[in-house]
$ cat query31.cif   # mmCIF, C-alpha atoms and all ligand atoms
data_entry
#
loop_
_atom_site.label_atom_id
_atom_site.label_comp_id
_atom_site.auth_asym_id
_atom_site.auth_seq_id
_atom_site.Cartn_x
_atom_site.Cartn_y
_atom_site.Cartn_z
CA MET A 8 111.03 141.32 89.49
CA LYS A 9 111.47 144.48 87.45
CA ILE A 10 112.20 143.86 83.78
CA ASN A 11 113.38 146.92 81.84
CA ILE A 12 111.87 147.73 78.47
CA TYR A 13 114.30 149.60 76.20
CA SER A 14 113.34 152.13 73.53
CA ASP A 15 114.62 151.80 69.95
CA GLU A 16 117.14 154.60 70.65
CA GLU A 17 118.42 152.81 73.74
CA ILE A 18 118.68 149.53 71.85
CA GLN A 19 120.81 151.32 69.24
CA LYS A 20 123.15 152.38 72.05
CA ILE A 21 123.37 148.86 73.44
CA LYS A 22 124.12 147.73 69.88
CA LYS A 23 127.03 150.22 69.63
CA SER A 24 128.41 148.84 72.88
CA GLY A 25 127.78 145.36 71.48
CA HIS A 26 129.74 146.11 68.34
CA LEU A 27 132.77 147.18 70.38
CA ASN A 28 132.28 144.01 72.42
CA TYR A 29 132.29 141.96 69.20
CA MET A 30 135.42 143.76 67.94
CA THR A 31 137.19 143.00 71.23
CA HIS A 32 136.50 139.28 70.80
CA GLN A 33 137.88 139.42 67.26
CA TYR A 34 140.97 141.29 68.45
CA LEU A 35 141.64 138.79 71.23
CA LYS A 36 141.13 135.63 69.19
CA ASP A 37 143.81 136.82 66.78
CA LEU A 38 146.27 137.11 69.69
CA LEU A 39 145.66 133.53 70.86
CA LYS A 40 148.73 131.28 70.57
CA PRO A 41 150.71 128.90 72.76
CA GLY A 42 153.06 130.67 75.19
CA ILE A 43 151.05 133.78 76.06
CA SER A 44 149.52 134.27 79.51
CA THR A 45 145.86 134.78 80.32
CA LYS A 46 146.92 138.04 82.05
CA TYR A 47 148.31 139.31 78.74
CA LEU A 48 144.93 138.66 77.10
CA ASP A 49 143.14 140.47 79.92
CA ASP A 50 145.49 143.49 79.65
CA GLU A 51 145.06 143.66 75.88
CA ALA A 52 141.28 143.50 76.26
CA GLY A 53 141.30 146.39 78.74
CA LYS A 54 143.47 148.53 76.45
CA PHE A 55 141.41 147.76 73.35
CA ILE A 56 138.08 148.58 75.02
CA ARG A 57 139.38 151.87 76.52
CA GLU A 58 141.08 152.98 73.29
CA HIS A 59 137.65 152.71 71.65
CA GLY A 60 135.93 154.80 74.30
CA GLY A 61 134.42 151.94 76.29
CA ILE A 62 134.72 150.71 79.85
CA PRO A 63 135.68 147.10 80.67
CA THR A 64 132.78 146.69 83.05
CA CYS A 65 133.76 143.45 84.82
CA LEU A 66 136.66 145.33 86.48
CA GLY A 67 135.59 146.11 90.04
CA PHE A 68 132.22 144.37 89.71
CA GLU A 69 131.71 142.94 93.20
CA GLY A 70 135.48 143.27 93.51
CA TYR A 71 136.34 141.28 90.36
CA PRO A 72 140.03 141.97 89.58
CA GLY A 73 140.17 141.50 85.78
CA ASN A 74 139.05 143.56 82.79
CA ILE A 75 137.29 140.52 81.34
CA CYS A 76 136.94 136.83 82.20
CA VAL A 77 139.37 134.40 80.53
CA SER A 78 138.49 130.75 81.21
CA VAL A 79 140.57 127.82 79.93
CA ASN A 80 139.57 124.14 79.43
CA ASP A 81 137.74 122.94 82.58
CA GLU A 82 137.24 126.53 83.74
CA VAL A 83 133.61 127.29 82.90
CA VAL A 84 133.37 131.00 83.66
CA HIS A 85 134.90 133.89 85.64
CA GLY A 86 138.51 132.81 85.09
CA ILE A 87 140.89 135.61 86.12
CA GLY A 88 143.85 136.44 83.85
CA ARG A 89 147.10 135.33 85.52
CA GLU A 90 150.76 135.89 84.63
CA ASP A 91 151.52 132.23 85.44
CA HIS A 92 148.64 130.74 83.44
CA ILE A 93 150.22 130.04 80.06
CA ILE A 94 148.12 129.03 77.05
CA LYS A 95 149.09 125.72 75.38
CA GLU A 96 148.38 124.09 72.03
CA GLY A 97 145.13 122.14 72.31
CA ASP A 98 143.53 124.46 74.90
CA ILE A 99 140.11 126.03 74.51
CA VAL A 100 139.81 129.61 75.75
CA THR A 101 136.64 131.54 76.61
CA PHE A 102 136.46 135.32 76.62
CA ASP A 103 133.48 136.72 78.51
CA ILE A 104 133.28 140.47 78.07
CA VAL A 105 131.02 143.23 79.36
CA VAL A 106 131.47 146.63 77.69
CA THR A 107 129.86 149.90 78.72
CA LEU A 108 129.69 152.54 75.98
CA ASP A 109 127.80 155.81 76.29
CA GLY A 110 126.15 154.48 79.46
CA TYR A 111 124.84 151.21 77.96
CA MET A 112 126.12 147.69 78.58
CA SER A 113 126.48 144.61 76.42
CA ASP A 114 127.61 141.13 77.43
CA SER A 115 129.08 138.51 75.12
CA ALA A 116 131.16 135.33 75.36
CA THR A 117 132.99 133.17 72.82
CA THR A 118 135.17 130.05 73.10
CA TRP A 119 138.12 129.46 70.76
CA PRO A 120 140.49 126.59 69.99
CA VAL A 121 144.27 127.08 70.30
CA GLY A 122 145.85 125.23 67.40
CA LYS A 123 144.69 121.65 67.01
CA ILE A 124 142.16 120.50 69.61
CA ASN A 125 140.90 116.99 70.29
CA LYS A 126 137.61 115.57 69.01
CA GLU A 127 135.85 115.96 72.37
CA LYS A 128 136.62 119.68 72.45
CA GLU A 129 135.68 120.11 68.79
CA HIS A 130 132.30 118.49 69.46
CA LEU A 131 131.82 120.68 72.54
CA LEU A 132 132.64 123.98 70.79
CA TYR A 133 130.53 123.25 67.74
CA HIS A 134 127.44 122.23 69.64
CA THR A 135 127.68 124.86 72.37
CA GLU A 136 127.70 127.63 69.77
CA LYS A 137 124.89 125.89 67.90
CA SER A 138 122.81 125.59 71.10
CA LEU A 139 122.88 129.37 71.49
CA TYR A 140 121.38 129.94 68.02
CA VAL A 141 118.91 127.08 68.38
CA GLY A 142 117.70 128.67 71.62
CA LEU A 143 117.53 132.19 70.19
CA LYS A 144 115.15 130.99 67.46
CA GLU A 145 112.47 130.55 70.14
CA LEU A 146 112.50 134.25 71.04
CA LYS A 147 109.77 136.71 70.14
CA ALA A 148 107.25 138.95 71.85
CA GLY A 149 104.42 137.00 73.47
CA VAL A 150 106.36 133.74 73.94
CA PRO A 151 107.33 132.34 77.38
CA LEU A 152 111.05 132.56 78.14
CA GLY A 153 111.11 128.90 79.21
CA ASN A 154 110.82 127.85 75.57
CA LEU A 155 114.37 129.08 74.97
CA SER A 156 115.64 127.35 78.11
CA ALA A 157 113.96 124.05 77.20
CA ARG A 158 115.28 124.16 73.65
CA ILE A 159 118.88 124.76 74.74
CA GLN A 160 118.72 121.91 77.25
CA GLN A 161 117.14 119.54 74.76
CA TYR A 162 119.74 120.34 72.10
CA ALA A 163 122.68 120.05 74.53
CA GLU A 164 121.57 116.74 76.01
CA LYS A 165 120.83 115.28 72.59
CA HIS A 166 124.51 115.83 71.83
CA GLY A 167 125.71 114.35 75.11
CA LEU A 168 126.70 117.66 76.72
CA GLY A 169 126.11 118.76 80.32
CA VAL A 170 124.09 121.90 81.05
CA VAL A 171 125.51 123.94 83.92
CA ARG A 172 122.63 124.73 86.27
CA GLU A 173 124.01 127.32 88.70
CA LEU A 174 124.62 130.01 86.11
CA GLY A 175 122.58 131.48 83.30
CA GLY A 176 121.72 134.52 81.26
CA HIS A 177 120.07 137.72 82.44
CA GLY A 178 118.64 141.06 81.43
CA VAL A 179 121.34 143.62 80.55
CA GLY A 180 121.51 147.28 79.44
CA HIS A 181 121.60 149.79 82.28
CA GLU A 182 123.20 147.19 84.56
CA MET A 183 125.24 144.04 83.99
CA HIS A 184 122.76 141.73 85.64
CA GLU A 185 119.09 142.68 85.40
CA ASP A 186 115.91 140.61 85.58
CA PRO A 187 114.93 138.17 84.24
CA PHE A 188 117.24 135.23 85.00
CA VAL A 189 117.62 133.14 81.82
CA PRO A 190 118.30 129.46 82.67
CA ASN A 191 119.73 127.09 80.08
CA TYR A 192 117.40 124.31 81.18
CA GLY A 193 113.67 124.19 81.84
CA LYS A 194 110.23 123.43 80.45
CA TYR A 195 108.33 124.71 77.45
CA GLY A 196 105.45 127.01 78.31
CA THR A 197 106.93 128.22 81.62
CA GLY A 198 108.57 131.49 82.66
CA ILE A 199 107.85 135.15 82.01
CA GLU A 200 106.22 136.33 78.80
CA LEU A 201 108.68 138.10 76.51
CA LYS A 202 107.87 141.66 75.40
CA LYS A 203 109.22 143.87 72.66
CA GLY A 204 112.10 145.97 74.02
CA MET A 205 113.37 143.47 76.58
CA VAL A 206 117.14 143.01 76.26
CA ILE A 207 118.63 139.75 77.51
CA ALA A 208 121.99 138.02 77.48
CA VAL A 209 121.60 134.37 76.48
CA GLU A 210 124.59 132.26 77.46
CA PRO A 211 124.66 128.47 77.36
CA MET A 212 127.55 127.04 79.41
CA LEU A 213 127.98 123.40 78.42
CA THR A 214 130.41 120.68 79.48
CA ALA A 215 131.76 117.60 77.74
CA GLY A 216 131.07 115.60 80.92
CA ASP A 217 128.90 115.99 84.03
CA TYR A 218 127.29 119.33 84.68
CA GLN A 219 128.37 119.74 88.32
CA VAL A 220 130.67 122.70 88.96
CA SER A 221 132.53 124.25 91.93
CA MET A 222 134.27 127.51 92.75
CA LEU A 223 138.05 127.67 93.17
CA ASP A 224 139.79 129.22 96.20
CA ASP A 225 140.11 132.53 94.34
CA ASP A 226 136.35 132.92 95.01
CA TRP A 227 135.67 133.53 91.30
CA THR A 228 136.73 130.79 88.91
CA ILE A 229 134.03 128.16 88.29
CA VAL A 230 135.40 124.75 87.20
CA THR A 231 133.83 121.41 86.29
CA ASP A 232 134.01 118.85 89.10
CA ASP A 233 135.08 116.07 86.72
CA TYR A 234 137.71 118.25 84.96
CA SER A 235 135.83 117.91 81.68
CA PRO A 236 136.23 120.86 79.30
CA ALA A 237 133.51 123.52 79.17
CA ALA A 238 132.44 126.02 76.51
CA HIS A 239 130.42 129.24 76.66
CA PHE A 240 128.79 131.30 73.92
CA GLU A 241 126.78 134.41 74.70
CA HIS A 242 124.97 137.14 72.81
CA THR A 243 123.03 140.14 74.04
CA VAL A 244 119.75 140.29 72.09
CA ALA A 245 116.70 142.56 71.93
CA ILE A 246 113.20 141.05 71.72
CA THR A 247 111.21 142.30 68.72
CA GLU A 248 107.59 141.90 67.62
CA ASP A 249 108.41 138.90 65.42
CA GLY A 250 111.72 137.63 66.75
CA TYR A 251 114.95 139.01 68.13
CA GLU A 252 117.92 141.13 67.11
CA ILE A 253 121.51 140.21 68.03
CA LEU A 254 123.21 143.29 69.51
CA THR A 255 126.71 141.83 69.99
CA GLY A 256 127.37 140.81 66.40
CA GLU A 257 129.33 142.33 63.55
N1 LIG B 1 129.58 138.17 81.82
C1 LIG B 1 129.59 137.65 83.14
C2 LIG B 1 128.23 137.16 83.60
O1 LIG B 1 127.25 137.38 82.95
C3 LIG B 1 130.01 138.74 84.05
C4 LIG B 1 131.16 138.40 84.79
S1 LIG B 1 131.11 139.31 86.20
C5 LIG B 1 132.67 139.35 86.67
O2 LIG B 1 128.15 136.51 84.63
F1 LIG B 1 132.66 140.09 87.71
F2 LIG B 1 133.08 138.15 86.89
F3 LIG B 1 133.38 139.89 85.73
CO CO B 2 126.28 137.30 81.01
#

$ encode --input "query31.cif" --output "structure tokens" --more "lines below"
Ligand code: MF3
Ligand code: CO
Amino acid sequence: MKINIYSDEEIQKIKKSGHLNYMTHQYLKDLLKPGISTKYLDDEAGKFIREHGGIPTCLGFEGYPGNICVSVNDEVVHGIGREDHIIKEGDIVTFDIVVTLDGYMSDSATTWPVGKINKEKEHLLYHTEKSLYVGLKELKAGVPLGNLSARIQQYAEKHGLGVVRELGGHGVGHEMHEDPFVPNYGKYGTGIELKKGMVIAVEPMLTAGDYQVSMLDDDWTIVTDDYSPAAHFEHTVAITEDGYEILTGE
């Protein structure tokens, strides 16, 4: 395992990429309404990122065909924008976006309601986003990474949500997926020791039902086995001496 340590200057560059990433999420959530296709959202994301000097980095990654990932309802991650996938009132929609700017990458995901959503989805969105911040609070130099994983799992399960096991966060910066792997479940006191200058993407993927997932025939889209809705919130953060800094925020 080779974990990169980023300099302050490099972290500033990841943060610039992260700001464009954040702006792309804001742009897309304002476009969300019943009747549009997930392909339209993917196209708009690609245009927006390029117009601002960035590269939509998912495109071509291991052959991935979209600019970003757009996942709806029981789709957990890696949903591909399709002309014939039309957004409806009551859906929840996740954007998962990797931007490269000036050679540095950021990764961020958000899940949004379309119009009025049911109570189950409201509960899921609220607590999935909360689980990300609850987990992040564990981060600082000298602490084992497993503390974040354990905290996210504990919070999610306390609120009756399933923690997807197969996928997790990762180092990010020069590449989309670097060491270390960042699971959303685990035990306190385990895992690698965090160091100042590590940059990781933390990304709880929670479900309103069971946590088992499968891949669709398109070889990308991951869906819940019980068709329960799933949510996904992700920030890229840098580890500091006394905590962490969010790099994909405003
Ligand atoms: N943000 C996604 C992740 O961390 C990256 C998607 S890769 C893609 O897994 F190829 F599906 F775009
Ligand atoms: Co990620």

$ closest_atom_pairs --input "query31.cif" --of "stretch 49-131 of chain A" --to "stretch 203-220 of chain A" --cutoff "9 Å" --atoms "all atoms listed in the file" --output "CSV"
residue,atom,partner,partner_atom,distance
A:Asp81,CA,A:Thr214,CA,8.3
A:Val83,CA,A:Met212,CA,7.0
A:Val84,CA,A:Met212,CA,8.2
A:Ser113,CA,A:Ala208,CA,8.0
A:Asp114,CA,A:Ala208,CA,6.4
A:Ser115,CA,A:Ala208,CA,7.5
A:Ala116,CA,A:Glu210,CA,7.5
A:Glu127,CA,A:Ala215,CA,6.9
A:Lys128,CA,A:Ala215,CA,7.5
A:His130,CA,A:Ala215,CA,8.3
A:Leu131,CA,A:Ala215,CA,6.0

$ closest_residue --input "query31.cif" --among "A:Ser138, A:Thr231, A:Thr197, A:Thr101" --to "ligand LIG 1 (chain B)" --atoms "only C-alpha atoms and all ligand atoms"
A:Thr101

$ residues_around --input "query31.cif" --residues "A:Ile87" --least-positions-apart "6" --cutoff "7 Å" --atoms "all atoms listed in the file" --output "number ranges by chain"
A: 73, 76-77, 228

$ axis_aligned_box --input "query31.cif" --around "stretch 86-98 of chain A" --padding-each-side "6 Å" --output "AutoDock Vina command-line options"
--center_x 145.0 --center_y 129.3 --center_z 79.1 --size_x 25.0 --size_y 26.3 --size_z 26.1

$ atom_distance --input "query31.cif" --atom1 "atom CA of A:Ala52" --atom2 "atom CA of A:Val100"
14.0 Å

$ closest_residue --input "query31.cif" --among "A:His32, A:Lys123, A:Lys95, A:Lys40" --to "A:Phe240" --atoms "all atoms listed in the file"
A:His32

$ atom_distance --input "query31.cif" --atom1 "atom CA of A:Ile10" --atom2 "atom CA of A:Tyr71"
25.2 Å

$ closest_residue --input "query31.cif" --among "A:Leu27, A:Ile104, A:Ala238, A:Leu39" --to "ligand CO 2 (chain B)" --atoms "all atoms listed in the file"
A:Ile104

$ atom_distance --input "query31.cif" --atom1 "atom CA of A:Asn191" --atom2 "atom CA of A:Ser156"
4.5 Å

$ closest_residue --input "query31.cif" --among "A:Phe55, A:Trp227, A:Tyr47, A:Tyr140" --to "ligand LIG 1 (chain B)" --atoms "only C-alpha atoms and all ligand atoms"
A:Trp227

$ residues_near_point --input "query31.cif" --point "(125.2, 143.4, 71.3)" --cutoff "6 Å" --atoms "all atoms listed in the file" --output "CSV table (one decimal) with C-alpha atoms, in the coordinates of the input"
chain,number,residue,atom,x,y,z
A,22,LYS,CA,124.1,147.7,69.9
A,25,GLY,CA,127.8,145.4,71.5
A,113,SER,CA,126.5,144.6,76.4
A,243,THR,CA,123.0,140.1,74.0
A,253,ILE,CA,121.5,140.2,68.0
A,254,LEU,CA,123.2,143.3,69.5
A,255,THR,CA,126.7,141.8,70.0
A,256,GLY,CA,127.4,140.8,66.4

$ residues_around --input "query31.cif" --residues "A:Lys54" --least-positions-apart "5" --cutoff "9 Å" --atoms "only C-alpha atoms" --output "VMD selection string"
chain A and resid 49 59 63

$ closest_residue --input "query31.cif" --among "A:Asp249, A:Asp226, A:Asp103, A:Glu96" --to "ligand CO 2 (chain B)" --atoms "only C-alpha atoms and all ligand atoms"
A:Asp103

$ residues_near_point --input "query31.cif" --point "(122.6, 130.7, 85.4)" --cutoff "8 Å" --atoms "all atoms listed in the file" --output "short mmCIF file (atom, residue, chain, number, x, y, z; two decimals) with C-alpha atoms, in the coordinates of the input"
data_model
loop_
_atom_site.label_atom_id
_atom_site.label_comp_id
_atom_site.auth_asym_id
_atom_site.auth_seq_id
_atom_site.Cartn_x
_atom_site.Cartn_y
_atom_site.Cartn_z
CA VAL A 171 125.51 123.94 83.92
CA ARG A 172 122.63 124.73 86.27
CA GLU A 173 124.01 127.32 88.70
CA LEU A 174 124.62 130.01 86.11
CA GLY A 175 122.58 131.48 83.30
CA GLY A 176 121.72 134.52 81.26
CA PHE A 188 117.24 135.23 85.00
CA VAL A 189 117.62 133.14 81.82
CA PRO A 190 118.30 129.46 82.67
CA ASN A 191 119.73 127.09 80.08
#

$ closest_residue --input "query31.cif" --among "A:Ala157, A:Tyr195, A:Ile18, A:Glu129" --to "A:Gly142" --atoms "only C-alpha atoms"
A:Ala157

$ residues_around --input "query31.cif" --residues "A:Lys147" --least-positions-apart "5" --cutoff "9 Å" --atoms "only C-alpha atoms" --output "PyMOL selection string"
chain A and resi 201-203+246-251

$ write_last_selection --input "query31.cif" --atoms "C-alpha atoms" --output "mmCIF file, in the frame of the given file"
data_model
loop_
_atom_site.group_PDB
_atom_site.id
_atom_site.type_symbol
_atom_site.label_atom_id
_atom_site.label_comp_id
_atom_site.auth_asym_id
_atom_site.auth_seq_id
_atom_site.Cartn_x
_atom_site.Cartn_y
_atom_site.Cartn_z
ATOM 1 C CA LEU A 201 108.680 138.100 76.510
ATOM 2 C CA LYS A 202 107.870 141.660 75.400
ATOM 3 C CA LYS A 203 109.220 143.870 72.660
ATOM 4 C CA ILE A 246 113.200 141.050 71.720
ATOM 5 C CA THR A 247 111.210 142.300 68.720
ATOM 6 C CA GLU A 248 107.590 141.900 67.620
ATOM 7 C CA ASP A 249 108.410 138.900 65.420
ATOM 8 C CA GLY A 250 111.720 137.630 66.750
ATOM 9 C CA TYR A 251 114.950 139.010 68.130
#

$ residues_around --input "query31.cif" --residues "A:Ile56" --least-positions-apart "2" --cutoff "10 Å" --atoms "all atoms listed in the file" --output "list in words"
Ser24, Leu27, Asn28, Met30, Thr31, Glu51, Ala52, Gly53, Lys54, Glu58, His59, Gly60, Gly61, Ile62, Pro63, Thr64, Asn74, Ile104, Val105, Val106, Thr107 and Leu108 of chain A

$ build_atoms --input "query31.cif" --residues "stretch 174-208 of chain A" --atoms "N, CA and C atoms" --output "JSON list (two decimals), keeping the file's coordinate frame"
[["chain", "number", "residue", "atom", "x", "y", "z"],
["A", 174, "LEU", "N", 124.44, 128.72, 86.77],
["A", 174, "LEU", "CA", 124.62, 130.01, 86.11],
["A", 174, "LEU", "C", 123.72, 130.09, 84.89],
["A", 175, "GLY", "N", 123.41, 131.32, 84.49],
["A", 175, "GLY", "CA", 122.58, 131.48, 83.30],
["A", 175, "GLY", "C", 122.64, 132.89, 82.78],
["A", 176, "GLY", "N", 121.78, 133.18, 81.82],
["A", 176, "GLY", "CA", 121.72, 134.52, 81.26],
["A", 176, "GLY", "C", 120.88, 135.44, 82.13],
["A", 177, "HIS", "N", 120.65, 136.65, 81.62],
["A", 177, "HIS", "CA", 120.07, 137.72, 82.44],
["A", 177, "HIS", "C", 119.71, 138.90, 81.56],
["A", 178, "GLY", "N", 118.85, 139.77, 82.08],
["A", 178, "GLY", "CA", 118.64, 141.06, 81.43],
["A", 178, "GLY", "C", 119.93, 141.86, 81.51],
["A", 179, "VAL", "N", 120.12, 142.80, 80.56],
["A", 179, "VAL", "CA", 121.34, 143.62, 80.55],
["A", 179, "VAL", "C", 121.01, 144.92, 79.81],
["A", 180, "GLY", "N", 121.73, 145.99, 80.13],
["A", 180, "GLY", "CA", 121.51, 147.28, 79.44],
["A", 180, "GLY", "C", 121.97, 148.43, 80.32],
["A", 181, "HIS", "N", 121.15, 148.77, 81.31],
["A", 181, "HIS", "CA", 121.60, 149.79, 82.28],
["A", 181, "HIS", "C", 122.57, 149.18, 83.27],
["A", 182, "GLU", "N", 122.35, 147.91, 83.61],
["A", 182, "GLU", "CA", 123.20, 147.19, 84.56],
["A", 182, "GLU", "C", 123.67, 145.89, 83.92],
["A", 183, "MET", "N", 124.71, 145.29, 84.54],
["A", 183, "MET", "CA", 125.24, 144.04, 83.99],
["A", 183, "MET", "C", 124.27, 142.89, 84.19],
["A", 184, "HIS", "N", 123.68, 142.83, 85.35],
["A", 184, "HIS", "CA", 122.76, 141.73, 85.64],
["A", 184, "HIS", "C", 121.40, 142.30, 86.03],
["A", 185, "GLU", "N", 120.46, 142.24, 85.13],
["A", 185, "GLU", "CA", 119.09, 142.68, 85.40],
["A", 185, "GLU", "C", 118.18, 141.46, 85.33],
["A", 186, "ASP", "N", 116.94, 141.63, 85.79],
["A", 186, "ASP", "CA", 115.91, 140.61, 85.58],
["A", 186, "ASP", "C", 115.58, 140.57, 84.09],
["A", 187, "PRO", "N", 115.15, 139.44, 83.56],
["A", 187, "PRO", "CA", 114.93, 138.17, 84.24],
["A", 187, "PRO", "C", 116.18, 137.28, 84.21],
["A", 188, "PHE", "N", 116.24, 136.28, 85.11],
["A", 188, "PHE", "CA", 117.24, 135.23, 85.00],
["A", 188, "PHE", "C", 116.87, 134.35, 83.80],
["A", 189, "VAL", "N", 117.88, 133.91, 83.04],
["A", 189, "VAL", "CA", 117.62, 133.14, 81.82],
["A", 189, "VAL", "C", 118.32, 131.78, 81.92],
["A", 190, "PRO", "N", 117.66, 130.77, 82.51],
["A", 190, "PRO", "CA", 118.30, 129.46, 82.67],
["A", 190, "PRO", "C", 118.50, 128.76, 81.33],
["A", 191, "ASN", "N", 119.48, 127.87, 81.28],
["A", 191, "ASN", "CA", 119.73, 127.09, 80.08],
["A", 191, "ASN", "C", 119.10, 125.70, 80.15],
["A", 192, "TYR", "N", 118.17, 125.55, 81.08],
["A", 192, "TYR", "CA", 117.40, 124.31, 81.18],
["A", 192, "TYR", "C", 116.01, 124.69, 81.67],
["A", 193, "GLY", "N", 115.02, 123.88, 81.37],
["A", 193, "GLY", "CA", 113.67, 124.19, 81.84],
["A", 193, "GLY", "C", 112.61, 123.54, 80.97],
["A", 194, "LYS", "N", 111.39, 124.05, 81.13],
["A", 194, "LYS", "CA", 110.23, 123.43, 80.45],
["A", 194, "LYS", "C", 109.57, 124.42, 79.52],
["A", 195, "TYR", "N", 109.13, 123.91, 78.39],
["A", 195, "TYR", "CA", 108.33, 124.71, 77.45],
["A", 195, "TYR", "C", 107.10, 125.25, 78.17],
["A", 196, "GLY", "N", 106.70, 126.44, 77.79],
["A", 196, "GLY", "CA", 105.45, 127.01, 78.31],
["A", 196, "GLY", "C", 105.56, 127.61, 79.70],
["A", 197, "THR", "N", 106.76, 127.63, 80.28],
["A", 197, "THR", "CA", 106.93, 128.22, 81.62],
["A", 197, "THR", "C", 107.72, 129.53, 81.50],
["A", 198, "GLY", "N", 107.75, 130.27, 82.60],
["A", 198, "GLY", "CA", 108.57, 131.49, 82.66],
["A", 198, "GLY", "C", 107.82, 132.73, 82.24],
["A", 199, "ILE", "N", 108.49, 133.86, 82.32],
["A", 199, "ILE", "CA", 107.85, 135.15, 82.01],
["A", 199, "ILE", "C", 107.53, 135.26, 80.52],
["A", 200, "GLU", "N", 106.55, 136.10, 80.22],
["A", 200, "GLU", "CA", 106.22, 136.33, 78.80],
["A", 200, "GLU", "C", 107.14, 137.42, 78.24],
["A", 201, "LEU", "N", 107.77, 137.13, 77.13],
["A", 201, "LEU", "CA", 108.68, 138.10, 76.51],
["A", 201, "LEU", "C", 107.89, 139.26, 75.92],
["A", 202, "LYS", "N", 108.51, 140.46, 75.99],
["A", 202, "LYS", "CA", 107.87, 141.66, 75.40],
["A", 202, "LYS", "C", 108.87, 142.39, 74.53],
["A", 203, "LYS", "N", 108.37, 143.04, 73.53],
["A", 203, "LYS", "CA", 109.22, 143.87, 72.66],
["A", 203, "LYS", "C", 109.99, 144.88, 73.53],
["A", 204, "GLY", "N", 111.30, 145.01, 73.27],
["A", 204, "GLY", "CA", 112.10, 145.97, 74.02],
["A", 204, "GLY", "C", 112.83, 145.39, 75.21],
["A", 205, "MET", "N", 112.52, 144.13, 75.56],
["A", 205, "MET", "CA", 113.37, 143.47, 76.58],
["A", 205, "MET", "C", 114.73, 143.19, 75.95],
["A", 206, "VAL", "N", 115.78, 143.31, 76.74],
["A", 206, "VAL", "CA", 117.14, 143.01, 76.26],
["A", 206, "VAL", "C", 117.73, 141.98, 77.21],
["A", 207, "ILE", "N", 118.10, 140.82, 76.67],
["A", 207, "ILE", "CA", 118.63, 139.75, 77.51],
["A", 207, "ILE", "C", 119.95, 139.20, 76.95],
["A", 208, "ALA", "N", 120.78, 138.75, 77.85],
["A", 208, "ALA", "CA", 121.99, 138.02, 77.48],
["A", 208, "ALA", "C", 121.65, 136.53, 77.60]]
